[in-house]
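final00.pdb, holding PDB, C-alpha atoms:
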```
ATOM      1  CA  MET A   1      -9.022   8.600 -20.708  1.00  0.00           C
ATOM      2  CA  ASN A   2     -10.335  12.087 -20.083  1.00  0.00           C
ATOM      3  CA  SER A   3      -7.367  14.102 -18.837  1.00  0.00           C
ATOM      4  CA  ALA A   4      -9.717  16.408 -16.933  1.00  0.00           C
ATOM      5  CA  SER A   5     -10.976  13.539 -14.776  1.00  0.00           C
ATOM      6  CA  PRO A   6      -9.423  12.590 -11.465  1.00  0.00           C
ATOM      7  CA  THR A   7      -7.097   9.663 -12.113  1.00  0.00           C
ATOM      8  CA  LEU A   8      -6.927   6.288 -10.409  1.00  0.00           C
ATOM      9  CA  GLU A   9      -3.947   3.951 -10.784  1.00  0.00           C
ATOM     10  CA  VAL A  10      -3.144   0.578  -9.267  1.00  0.00           C
ATOM     11  CA  LEU A  11       0.443  -0.652  -9.116  1.00  0.00           C
ATOM     12  CA  PHE A  12       0.739  -4.400  -8.632  1.00  0.00           C
ATOM     13  CA  THR A  13       4.424  -5.188  -8.123  1.00  0.00           C
ATOM     14  CA  PRO A  14       7.667  -3.807  -6.668  1.00  0.00           C
ATOM     15  CA  ALA A  15       8.843  -3.164 -10.229  1.00  0.00           C
ATOM     16  CA  ASP A  16       5.820  -0.879 -10.616  1.00  0.00           C
ATOM     17  CA  PHE A  17       6.317   1.057  -7.392  1.00  0.00           C
ATOM     18  CA  SER A  18      10.117   1.202  -7.624  1.00  0.00           C
ATOM     19  CA  ILE A  19       9.864   3.993 -10.206  1.00  0.00           C
ATOM     20  CA  LEU A  20       7.702   6.213  -7.995  1.00  0.00           C
ATOM     21  CA  PRO A  21      10.689   8.077  -6.503  1.00  0.00           C
ATOM     22  CA  GLN A  22      11.334   9.484  -9.998  1.00  0.00           C
ATOM     23  CA  ARG A  23       7.738  10.622 -10.505  1.00  0.00           C
ATOM     24  CA  ASP A  24       6.207  13.935  -9.501  1.00  0.00           C
ATOM     25  CA  LEU A  25       3.754  12.925  -6.770  1.00  0.00           C
ATOM     26  CA  SER A  26       3.266  16.393  -5.335  1.00  0.00           C
ATOM     27  CA  GLN A  27      -0.462  16.260  -6.129  1.00  0.00           C
ATOM     28  CA  ALA A  28      -0.914  12.527  -5.574  1.00  0.00           C
ATOM     29  CA  PHE A  29      -2.558  10.627  -2.759  1.00  0.00           C
ATOM     30  CA  CYS A  30      -1.062   7.154  -2.302  1.00  0.00           C
ATOM     31  CA  VAL A  31      -2.634   4.210  -0.488  1.00  0.00           C
ATOM     32  CA  VAL A  32      -0.295   1.313   0.282  1.00  0.00           C
ATOM     33  CA  PHE A  33      -1.527  -2.237   0.888  1.00  0.00           C
ATOM     34  CA  ASP A  34       0.565  -5.053   2.307  1.00  0.00           C
ATOM     35  CA  VAL A  35      -2.376  -7.049   3.599  1.00  0.00           C
ATOM     36  CA  LEU A  36      -0.327 -10.119   4.602  1.00  0.00           C
ATOM     37  CA  ARG A  37       0.948  -8.530   6.744  1.00  0.00           C
ATOM     38  CA  ALA A  38       2.861  -5.269   7.192  1.00  0.00           C
ATOM     39  CA  THR A  39       0.111  -2.672   6.819  1.00  0.00           C
ATOM     40  CA  THR A  40      -2.310  -4.838   8.813  1.00  0.00           C
ATOM     41  CA  SER A  41       0.292  -4.994  11.589  1.00  0.00           C
ATOM     42  CA  MET A  42       0.831  -1.221  11.454  1.00  0.00           C
ATOM     43  CA  VAL A  43      -2.882  -0.522  11.711  1.00  0.00           C
ATOM     44  CA  THR A  44      -3.253  -3.002  14.566  1.00  0.00           C
ATOM     45  CA  ALA A  45      -0.333  -1.470  16.464  1.00  0.00           C
ATOM     46  CA  LEU A  46      -1.776   2.037  16.117  1.00  0.00           C
ATOM     47  CA  ALA A  47      -5.222   0.814  17.145  1.00  0.00           C
ATOM     48  CA  ASN A  48      -3.621  -0.647  20.272  1.00  0.00           C
ATOM     49  CA  GLY A  49      -1.968   2.601  21.225  1.00  0.00           C
ATOM     50  CA  ALA A  50       1.422   2.627  19.526  1.00  0.00           C
ATOM     51  CA  LYS A  51       2.754   6.168  19.113  1.00  0.00           C
ATOM     52  CA  SER A  52       4.068   5.650  15.575  1.00  0.00           C
ATOM     53  CA  ILE A  53       5.737   3.220  13.209  1.00  0.00           C
ATOM     54  CA  LEU A  54       8.928   4.169  11.406  1.00  0.00           C
ATOM     55  CA  PRO A  55       9.108   2.106   8.185  1.00  0.00           C
ATOM     56  CA  VAL A  56      12.527   1.473   6.652  1.00  0.00           C
ATOM     57  CA  SER A  57      13.671  -0.735   3.802  1.00  0.00           C
ATOM     58  CA  GLU A  58      16.715  -2.504   5.245  1.00  0.00           C
ATOM     59  CA  ILE A  59      17.804  -4.124   8.508  1.00  0.00           C
ATOM     60  CA  PRO A  60      20.855  -1.849   9.068  1.00  0.00           C
ATOM     61  CA  GLN A  61      18.619   1.211   8.707  1.00  0.00           C
ATOM     62  CA  ALA A  62      16.235  -0.213  11.303  1.00  0.00           C
ATOM     63  CA  LEU A  63      19.054  -0.814  13.787  1.00  0.00           C
ATOM     64  CA  LEU A  64      20.412   2.716  13.341  1.00  0.00           C
ATOM     65  CA  LEU A  65      16.973   4.277  13.725  1.00  0.00           C
ATOM     66  CA  ALA A  66      16.220   2.234  16.840  1.00  0.00           C
ATOM     67  CA  ARG A  67      19.461   3.415  18.421  1.00  0.00           C
ATOM     68  CA  ALA A  68      18.534   7.007  17.585  1.00  0.00           C
ATOM     69  CA  ASN A  69      15.136   6.575  19.280  1.00  0.00           C
ATOM     70  CA  PRO A  70      15.728   5.241  22.817  1.00  0.00           C
ATOM     71  CA  GLY A  71      12.918   2.947  23.889  1.00  0.00           C
ATOM     72  CA  ALA A  72      11.861   2.152  20.345  1.00  0.00           C
ATOM     73  CA  LEU A  73      10.890  -1.422  19.536  1.00  0.00           C
ATOM     74  CA  LEU A  74      12.103  -3.336  16.484  1.00  0.00           C
ATOM     75  CA  ALA A  75       9.664  -5.185  14.239  1.00  0.00           C
ATOM     76  CA  GLY A  76      10.141  -6.958  10.965  1.00  0.00           C
ATOM     77  CA  GLU A  77      10.531 -10.088   8.924  1.00  0.00           C
ATOM     78  CA  ARG A  78      12.552 -11.729   6.240  1.00  0.00           C
ATOM     79  CA  ASP A  79      10.959 -14.664   4.416  1.00  0.00           C
ATOM     80  CA  GLY A  80       7.952 -14.184   6.683  1.00  0.00           C
ATOM     81  CA  LEU A  81       9.813 -14.858   9.942  1.00  0.00           C
ATOM     82  CA  ARG A  82      10.948 -12.542  12.732  1.00  0.00           C
ATOM     83  CA  ILE A  83      14.401 -11.085  12.248  1.00  0.00           C
ATOM     84  CA  ARG A  84      16.889 -12.728  14.592  1.00  0.00           C
ATOM     85  CA  ALA A  85      20.339 -11.953  15.959  1.00  0.00           C
ATOM     86  CA  ALA A  86      22.070 -13.996  13.267  1.00  0.00           C
ATOM     87  CA  GLN A  87      20.709 -11.552  10.656  1.00  0.00           C
ATOM     88  CA  THR A  88      21.545  -8.387  12.567  1.00  0.00           C
ATOM     89  CA  GLY A  89      24.887  -9.096  14.181  1.00  0.00           C
ATOM     90  CA  GLY A  90      23.474  -9.724  17.627  1.00  0.00           C
ATOM     91  CA  VAL A  91      20.017  -8.155  18.037  1.00  0.00           C
ATOM     92  CA  ASP A  92      16.777 -10.124  18.099  1.00  0.00           C
ATOM     93  CA  PHE A  93      13.848  -8.022  16.883  1.00  0.00           C
ATOM     94  CA  ASP A  94      11.040  -7.530  19.415  1.00  0.00           C
ATOM     95  CA  PHE A  95       8.316  -8.461  16.917  1.00  0.00           C
ATOM     96  CA  GLY A  96       7.974 -10.308  13.683  1.00  0.00           C
ATOM     97  CA  ASN A  97       5.261  -9.276  11.248  1.00  0.00           C
ATOM     98  CA  SER A  98       2.215 -10.941  12.776  1.00  0.00           C
ATOM     99  CA  PRO A  99      -0.487  -8.391  13.622  1.00  0.00           C
ATOM    100  CA  ARG A 100      -1.477 -10.560  16.587  1.00  0.00           C
ATOM    101  CA  GLU A 101       1.835  -9.722  18.262  1.00  0.00           C
ATOM    102  CA  PHE A 102       1.105  -6.005  18.477  1.00  0.00           C
ATOM    103  CA  THR A 103      -1.037  -6.103  21.609  1.00  0.00           C
ATOM    104  CA  ALA A 104      -1.887  -3.037  23.672  1.00  0.00           C
ATOM    105  CA  GLU A 105       0.221  -4.350  26.555  1.00  0.00           C
ATOM    106  CA  ARG A 106       3.321  -4.425  24.359  1.00  0.00           C
ATOM    107  CA  VAL A 107       2.919  -1.379  22.115  1.00  0.00           C
ATOM    108  CA  ARG A 108       0.974   1.293  23.985  1.00  0.00           C
ATOM    109  CA  GLY A 109       2.904   4.570  23.826  1.00  0.00           C
ATOM    110  CA  LYS A 110       5.785   3.000  21.918  1.00  0.00           C
ATOM    111  CA  THR A 111       7.591   3.927  18.733  1.00  0.00           C
ATOM    112  CA  ILE A 112       8.134   0.914  16.495  1.00  0.00           C
ATOM    113  CA  VAL A 113      10.841   0.702  13.843  1.00  0.00           C
ATOM    114  CA  MET A 114       9.731  -1.754  11.151  1.00  0.00           C
ATOM    115  CA  THR A 115      11.376  -3.351   8.150  1.00  0.00           C
ATOM    116  CA  THR A 116       9.663  -5.964   6.001  1.00  0.00           C
ATOM    117  CA  THR A 117      10.411  -7.572   2.668  1.00  0.00           C
ATOM    118  CA  ASN A 118       7.977  -5.464   0.612  1.00  0.00           C
ATOM    119  CA  GLY A 119       5.576  -3.354   2.665  1.00  0.00           C
ATOM    120  CA  THR A 120       8.023  -0.875   4.124  1.00  0.00           C
ATOM    121  CA  ARG A 121       9.732  -0.561   0.730  1.00  0.00           C
ATOM    122  CA  ALA A 122       6.374   0.320  -0.805  1.00  0.00           C
ATOM    123  CA  LEU A 123       5.800   3.067   1.750  1.00  0.00           C
ATOM    124  CA  GLN A 124       9.287   4.457   1.208  1.00  0.00           C
ATOM    125  CA  SER A 125       8.757   4.557  -2.556  1.00  0.00           C
ATOM    126  CA  CYS A 126       5.970   7.133  -2.320  1.00  0.00           C
ATOM    127  CA  LYS A 127       6.965   9.083   0.775  1.00  0.00           C
ATOM    128  CA  HIS A 128       7.211  12.296  -1.280  1.00  0.00           C
ATOM    129  CA  ALA A 129       3.525  12.163  -2.283  1.00  0.00           C
ATOM    130  CA  SER A 130       1.052  14.759  -1.068  1.00  0.00           C
ATOM    131  CA  ARG A 131      -0.417  12.208   1.348  1.00  0.00           C
ATOM    132  CA  VAL A 132       0.418   8.548   1.984  1.00  0.00           C
ATOM    133  CA  PHE A 133      -1.861   6.104   3.785  1.00  0.00           C
ATOM    134  CA  ALA A 134      -1.068   2.627   5.104  1.00  0.00           C
ATOM    135  CA  CYS A 135      -4.188   0.567   4.607  1.00  0.00           C
ATOM    136  CA  SER A 136      -5.541  -2.907   5.271  1.00  0.00           C
ATOM    137  CA  PHE A 137      -8.946  -4.534   5.197  1.00  0.00           C
ATOM    138  CA  LEU A 138      -9.187  -3.673   8.903  1.00  0.00           C
ATOM    139  CA  ASN A 139      -9.305   0.085   8.282  1.00  0.00           C
ATOM    140  CA  LEU A 140     -10.474   0.206   4.686  1.00  0.00           C
ATOM    141  CA  LYS A 141     -13.697   2.123   5.359  1.00  0.00           C
ATOM    142  CA  ALA A 142     -11.903   4.808   7.365  1.00  0.00           C
ATOM    143  CA  THR A 143      -9.249   5.217   4.677  1.00  0.00           C
ATOM    144  CA  VAL A 144     -11.871   5.447   1.934  1.00  0.00           C
ATOM    145  CA  ALA A 145     -13.621   8.192   3.911  1.00  0.00           C
ATOM    146  CA  ALA A 146     -10.351  10.130   4.155  1.00  0.00           C
ATOM    147  CA  VAL A 147      -9.819   9.870   0.397  1.00  0.00           C
ATOM    148  CA  GLN A 148     -13.398  10.890  -0.324  1.00  0.00           C
ATOM    149  CA  ALA A 149     -13.105  13.912   1.941  1.00  0.00           C
ATOM    150  CA  SER A 150      -9.893  15.048   0.277  1.00  0.00           C
ATOM    151  CA  ALA A 151     -11.082  15.894  -3.235  1.00  0.00           C
ATOM    152  CA  ALA A 152      -7.877  14.255  -4.466  1.00  0.00           C
ATOM    153  CA  GLN A 153      -7.282  14.509  -8.221  1.00  0.00           C
ATOM    154  CA  GLN A 154      -4.699  11.718  -8.429  1.00  0.00           C
ATOM    155  CA  LEU A 155      -5.012   8.498  -6.458  1.00  0.00           C
ATOM    156  CA  ILE A 156      -2.337   5.796  -6.674  1.00  0.00           C
ATOM    157  CA  VAL A 157      -3.052   2.465  -4.995  1.00  0.00           C
ATOM    158  CA  ILE A 158       0.150   0.559  -4.332  1.00  0.00           C
ATOM    159  CA  CYS A 159       0.227  -3.197  -3.805  1.00  0.00           C
ATOM    160  CA  ALA A 160       3.351  -4.341  -1.977  1.00  0.00           C
ATOM    161  CA  GLY A 161       3.323  -7.706  -3.721  1.00  0.00           C
ATOM    162  CA  THR A 162       5.064 -10.984  -2.927  1.00  0.00           C
ATOM    163  CA  PHE A 163       8.801 -11.021  -3.505  1.00  0.00           C
ATOM    164  CA  GLU A 164       8.928  -9.278  -6.912  1.00  0.00           C
ATOM    165  CA  GLU A 165       5.513 -10.436  -8.094  1.00  0.00           C
ATOM    166  CA  ALA A 166       1.905  -9.357  -7.663  1.00  0.00           C
ATOM    167  CA  ALA A 167       0.089 -10.576  -4.545  1.00  0.00           C
ATOM    168  CA  TYR A 168      -3.528 -11.688  -4.834  1.00  0.00           C
ATOM    169  CA  GLU A 169      -4.549 -10.375  -1.402  1.00  0.00           C
ATOM    170  CA  ASP A 170      -3.129  -6.913  -2.103  1.00  0.00           C
ATOM    171  CA  THR A 171      -4.843  -6.833  -5.481  1.00  0.00           C
ATOM    172  CA  LEU A 172      -8.100  -7.830  -3.781  1.00  0.00           C
ATOM    173  CA  ALA A 173      -7.769  -4.987  -1.258  1.00  0.00           C
ATOM    174  CA  ALA A 174      -6.799  -2.503  -3.951  1.00  0.00           C
ATOM    175  CA  GLY A 175      -9.912  -3.523  -5.846  1.00  0.00           C
ATOM    176  CA  ALA A 176     -12.044  -3.012  -2.756  1.00  0.00           C
ATOM    177  CA  LEU A 177     -10.743   0.523  -2.397  1.00  0.00           C
ATOM    178  CA  CYS A 178     -11.216   1.202  -6.116  1.00  0.00           C
ATOM    179  CA  ASP A 179     -14.808  -0.015  -5.921  1.00  0.00           C
ATOM    180  CA  SER A 180     -15.492   2.256  -2.951  1.00  0.00           C
ATOM    181  CA  VAL A 181     -14.248   5.375  -4.751  1.00  0.00           C
ATOM    182  CA  TRP A 182     -15.397   4.432  -8.260  1.00  0.00           C
ATOM    183  CA  THR A 183     -17.941   7.242  -8.510  1.00  0.00           C
ATOM    184  CA  MET A 184     -15.081   9.714  -7.919  1.00  0.00           C
ATOM    185  CA  PHE A 185     -12.416   8.147 -10.095  1.00  0.00           C
ATOM    186  CA  GLY A 186     -13.946   5.557 -12.429  1.00  0.00           C
ATOM    187  CA  ALA A 187     -13.825   7.786 -15.497  1.00  0.00           C
ATOM    188  CA  GLY A 188     -10.091   8.239 -14.975  1.00  0.00           C
ATOM    189  CA  ALA A 189      -9.244   4.668 -13.993  1.00  0.00           C
ATOM    190  CA  THR A 190      -6.372   2.814 -15.605  1.00  0.00           C
ATOM    191  CA  ASP A 191      -6.779  -0.721 -16.926  1.00  0.00           C
ATOM    192  CA  ALA A 192      -4.987  -1.974 -13.798  1.00  0.00           C
ATOM    193  CA  ALA A 193      -7.614  -0.305 -11.610  1.00  0.00           C
ATOM    194  CA  HIS A 194     -10.349  -2.034 -13.614  1.00  0.00           C
ATOM    195  CA  VAL A 195      -8.565  -5.387 -13.202  1.00  0.00           C
ATOM    196  CA  ALA A 196      -8.231  -4.954  -9.428  1.00  0.00           C
ATOM    197  CA  ARG A 197     -11.860  -3.920  -9.077  1.00  0.00           C
ATOM    198  CA  GLU A 198     -13.102  -6.926 -11.067  1.00  0.00           C
ATOM    199  CA  ILE A 199     -11.033  -9.301  -8.912  1.00  0.00           C
ATOM    200  CA  TYR A 200     -12.552  -7.756  -5.802  1.00  0.00           C
ATOM    201  CA  LEU A 201     -16.116  -7.879  -7.141  1.00  0.00           C
ATOM    202  CA  ASP A 202     -15.620 -11.574  -7.856  1.00  0.00           C
ATOM    203  CA  GLY A 203     -14.317 -12.345  -4.363  1.00  0.00           C
ATOM    204  CA  GLN A 204     -16.074  -9.842  -2.105  1.00  0.00           C
ATOM    205  CA  GLY A 205     -18.694 -12.280  -0.840  1.00  0.00           C
ATOM    206  CA  ASP A 206     -16.140 -14.277   1.165  1.00  0.00           C
ATOM    207  CA  LEU A 207     -12.796 -12.568   1.658  1.00  0.00           C
ATOM    208  CA  LEU A 208     -11.290 -15.445   3.601  1.00  0.00           C
ATOM    209  CA  LYS A 209     -12.179 -17.851   0.817  1.00  0.00           C
ATOM    210  CA  ALA A 210     -10.751 -15.428  -1.740  1.00  0.00           C
ATOM    211  CA  PHE A 211      -7.505 -15.348   0.231  1.00  0.00           C
ATOM    212  CA  GLN A 212      -7.031 -19.028  -0.661  1.00  0.00           C
ATOM    213  CA  HIS A 213      -5.852 -17.852  -4.088  1.00  0.00           C
ATOM    214  CA  SER A 214      -2.941 -16.117  -2.397  1.00  0.00           C
ATOM    215  CA  ARG A 215       0.492 -17.712  -2.198  1.00  0.00           C
ATOM    216  CA  ASN A 216       1.175 -15.674   0.947  1.00  0.00           C
ATOM    217  CA  ALA A 217      -1.965 -16.996   2.609  1.00  0.00           C
ATOM    218  CA  ARG A 218      -1.160 -20.594   1.753  1.00  0.00           C
ATOM    219  CA  ARG A 219       2.355 -20.180   3.122  1.00  0.00           C
ATOM    220  CA  LEU A 220       1.097 -18.720   6.393  1.00  0.00           C
ATOM    221  CA  LEU A 221      -1.631 -21.336   6.733  1.00  0.00           C
ATOM    222  CA  GLY A 222       1.065 -23.977   6.418  1.00  0.00           C
ATOM    223  CA  ARG A 223       2.811 -22.739   9.589  1.00  0.00           C
ATOM    224  CA  SER A 224       0.883 -23.479  12.768  1.00  0.00           C
ATOM    225  CA  GLU A 225       2.255 -20.455  14.623  1.00  0.00           C
ATOM    226  CA  LEU A 226       1.244 -18.063  11.819  1.00  0.00           C
ATOM    227  CA  SER A 227      -1.913 -19.629  10.393  1.00  0.00           C
ATOM    228  CA  ALA A 228      -4.231 -17.465  12.531  1.00  0.00           C
ATOM    229  CA  ASP A 229      -2.819 -14.372  10.821  1.00  0.00           C
ATOM    230  CA  VAL A 230      -4.818 -15.126   7.668  1.00  0.00           C
ATOM    231  CA  PRO A 231      -8.342 -14.856   9.146  1.00  0.00           C
ATOM    232  CA  PHE A 232      -7.133 -11.920  11.254  1.00  0.00           C
ATOM    233  CA  CYS A 233      -6.045 -10.032   8.122  1.00  0.00           C
ATOM    234  CA  ALA A 234      -9.272 -10.926   6.295  1.00  0.00           C
ATOM    235  CA  GLN A 235     -11.402  -9.029   8.836  1.00  0.00           C
ATOM    236  CA  ARG A 236     -13.033  -5.967   7.340  1.00  0.00           C
ATOM    237  CA  ASP A 237     -13.591  -2.564   8.935  1.00  0.00           C
ATOM    238  CA  THR A 238     -12.845  -3.583  12.507  1.00  0.00           C
ATOM    239  CA  VAL A 239     -10.666  -0.520  13.150  1.00  0.00           C
ATOM    240  CA  ASP A 240     -11.878   3.055  12.716  1.00  0.00           C
ATOM    241  CA  LEU A 241      -8.605   4.827  12.097  1.00  0.00           C
ATOM    242  CA  VAL A 242      -6.574   6.345   9.308  1.00  0.00           C
ATOM    243  CA  ALA A 243      -2.856   5.515   9.290  1.00  0.00           C
ATOM    244  CA  GLU A 244      -0.831   8.186   7.492  1.00  0.00           C
ATOM    245  CA  LEU A 245       2.871   8.493   6.753  1.00  0.00           C
ATOM    246  CA  LYS A 246       3.999  11.903   7.969  1.00  0.00           C
ATOM    247  CA  LYS A 247       7.633  13.002   8.227  1.00  0.00           C
ATOM    248  CA  GLY A 248       8.827   9.421   8.074  1.00  0.00           C
ATOM    249  CA  ALA A 249       6.389   8.003  10.644  1.00  0.00           C
ATOM    250  CA  VAL A 250       3.099   6.177  10.172  1.00  0.00           C
ATOM    251  CA  GLN A 251       0.705   7.766  12.660  1.00  0.00           C
ATOM    252  CA  ARG A 252      -2.931   7.637  13.595  1.00  0.00           C
ATOM    253  CA  VAL A 253      -4.726  10.693  12.195  1.00  0.00           C
TER     254      VAL A 253
END
```

As structure tokens, please, write out the structure in this file.
Amino acid sequence: MNSASPTLEVLFTPADFSILPQRDLSQAFCVVFDVLRATTSMVTALANGAKSILPVSEIPQALLLARANPGALLAGERDGLRIRAAQTGGVDFDFGNSPREFTAERVRGKTIVMTTTNGTRALQSCKHASRVFACSFLNLKATVAAVQASAAQQLIVICAGTFEEAAYEDTLAAGALCDSVWTMFGAGATDAAHVAREIYLDGQGDLLKAFQHSRNARRLLGRSELSADVPFCAQRDTVDLVAELKKGAVQRV
């Protein structure tokens, strides 16, 4: 790899992104994907007028932060399902992790505190980077434009994964982003970036069909109340916004 070239990395699993807090990311731009469903839900909430989303790793942190922000709403999941009072010591969360829940009527003007199994952890892992974007297929084009306008020299694409493993849908989205910025970064791409891009190029003709390779998608499709989340998350470029983590809050920029 030519060290003078801008570099492009893709991290596939929580084990990969868990070491980011120890890395110097002062010059790095990070793009985080949790396609099914945290970053898709964040983007949808912002598109529908939410003020900001405060991502945290654990349930107790979410409860403390909600108490410190009067009027804030709680969102999150464990094992894909909305967090309930039995898991919190008495508080039902306002939302689960379905992007279809974050309607304008419910979120406009609101701050949302969110904790999910992997997505919010991924965002926390790179919060010290120069810039951090929460991305989904819904706002991929807008995020790509922000990266292209930045003249970034180090781009790290972070896949939230499933449990502690890689997630097909996140890899697919990471590959889509890599393909879109390949003329900027291809010469400095890691093998993982090449792998993600090839997976995307193979599946780009029908994203919803490609999602069938995903364990997350199959799990959601098997639950009648959540099955519609899969085609929702497979929509591409329906939202023209950039979602950036700034001072602990994901905001529309």

Near-A:Val10 list (8 Å; all atoms listed in the file; drop same-chain fewer than 5 positions) as a PyMOL selection string: chain A and resi 156-159+174+190+192-193+196

Hits from the PyMOL selection byres ((chain A and resi 177) around 9), listed as a PyMOL selection string: chain A and resi 140-141+143-144+157+172-176+178-182+197

Neighbour residues at most 7 Å from (3.8, 6.1, 15.8) (all atoms listed in the file) as a ChimeraX atom specification: /A:46,50-53,111-112,249-251

Taking the file above as input, evaluate the PyMOL selection byres ((chain A and resi 101-106) around 10) and report the hits as a compact mmCIF listing (two decimals) with C-alpha atoms, in the coordinates of the input.
```txt
# COMPACT_ATOMS: atom_id res chain seq x y z
CA SER A 41 0.29 -4.99 11.59
CA MET A 42 0.83 -1.22 11.45
CA VAL A 43 -2.88 -0.52 11.71
CA THR A 44 -3.25 -3.00 14.57
CA ALA A 45 -0.33 -1.47 16.46
CA LEU A 46 -1.78 2.04 16.12
CA ALA A 47 -5.22 0.81 17.14
CA ASN A 48 -3.62 -0.65 20.27
CA GLY A 49 -1.97 2.60 21.22
CA ALA A 50 1.42 2.63 19.53
CA LEU A 73 10.89 -1.42 19.54
CA ALA A 75 9.66 -5.18 14.24
CA ASP A 94 11.04 -7.53 19.42
CA PHE A 95 8.32 -8.46 16.92
CA GLY A 96 7.97 -10.31 13.68
CA ASN A 97 5.26 -9.28 11.25
CA SER A 98 2.22 -10.94 12.78
CA PRO A 99 -0.49 -8.39 13.62
CA ARG A 100 -1.48 -10.56 16.59
CA VAL A 107 2.92 -1.38 22.12
CA ARG A 108 0.97 1.29 23.98
CA GLY A 109 2.90 4.57 23.83
CA LYS A 110 5.78 3.00 21.92
CA ASP A 229 -2.82 -14.37 10.82
```

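Distances to A:Gln124 were evaluated for A:Leu54, A:Leu36, A:Leu207, A:Ala228 using only C-alpha atoms, and the minimum falls at A:Leu54.
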
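Selection result for the displayed file, with the PyMOL selection byres ((chain A and resi 238) around 10) as criterion, is Thr44, Ala47, Phe137, Leu138, Asn139, Leu140, Lys141, Ala142, Gln235, Arg236, Asp237, Val239, Asp240 and Leu241 of chain A.
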
Å distance separating atom CA of A:Ala146 from atom CA of A:Glu244, one decimal place: 10.3 Å
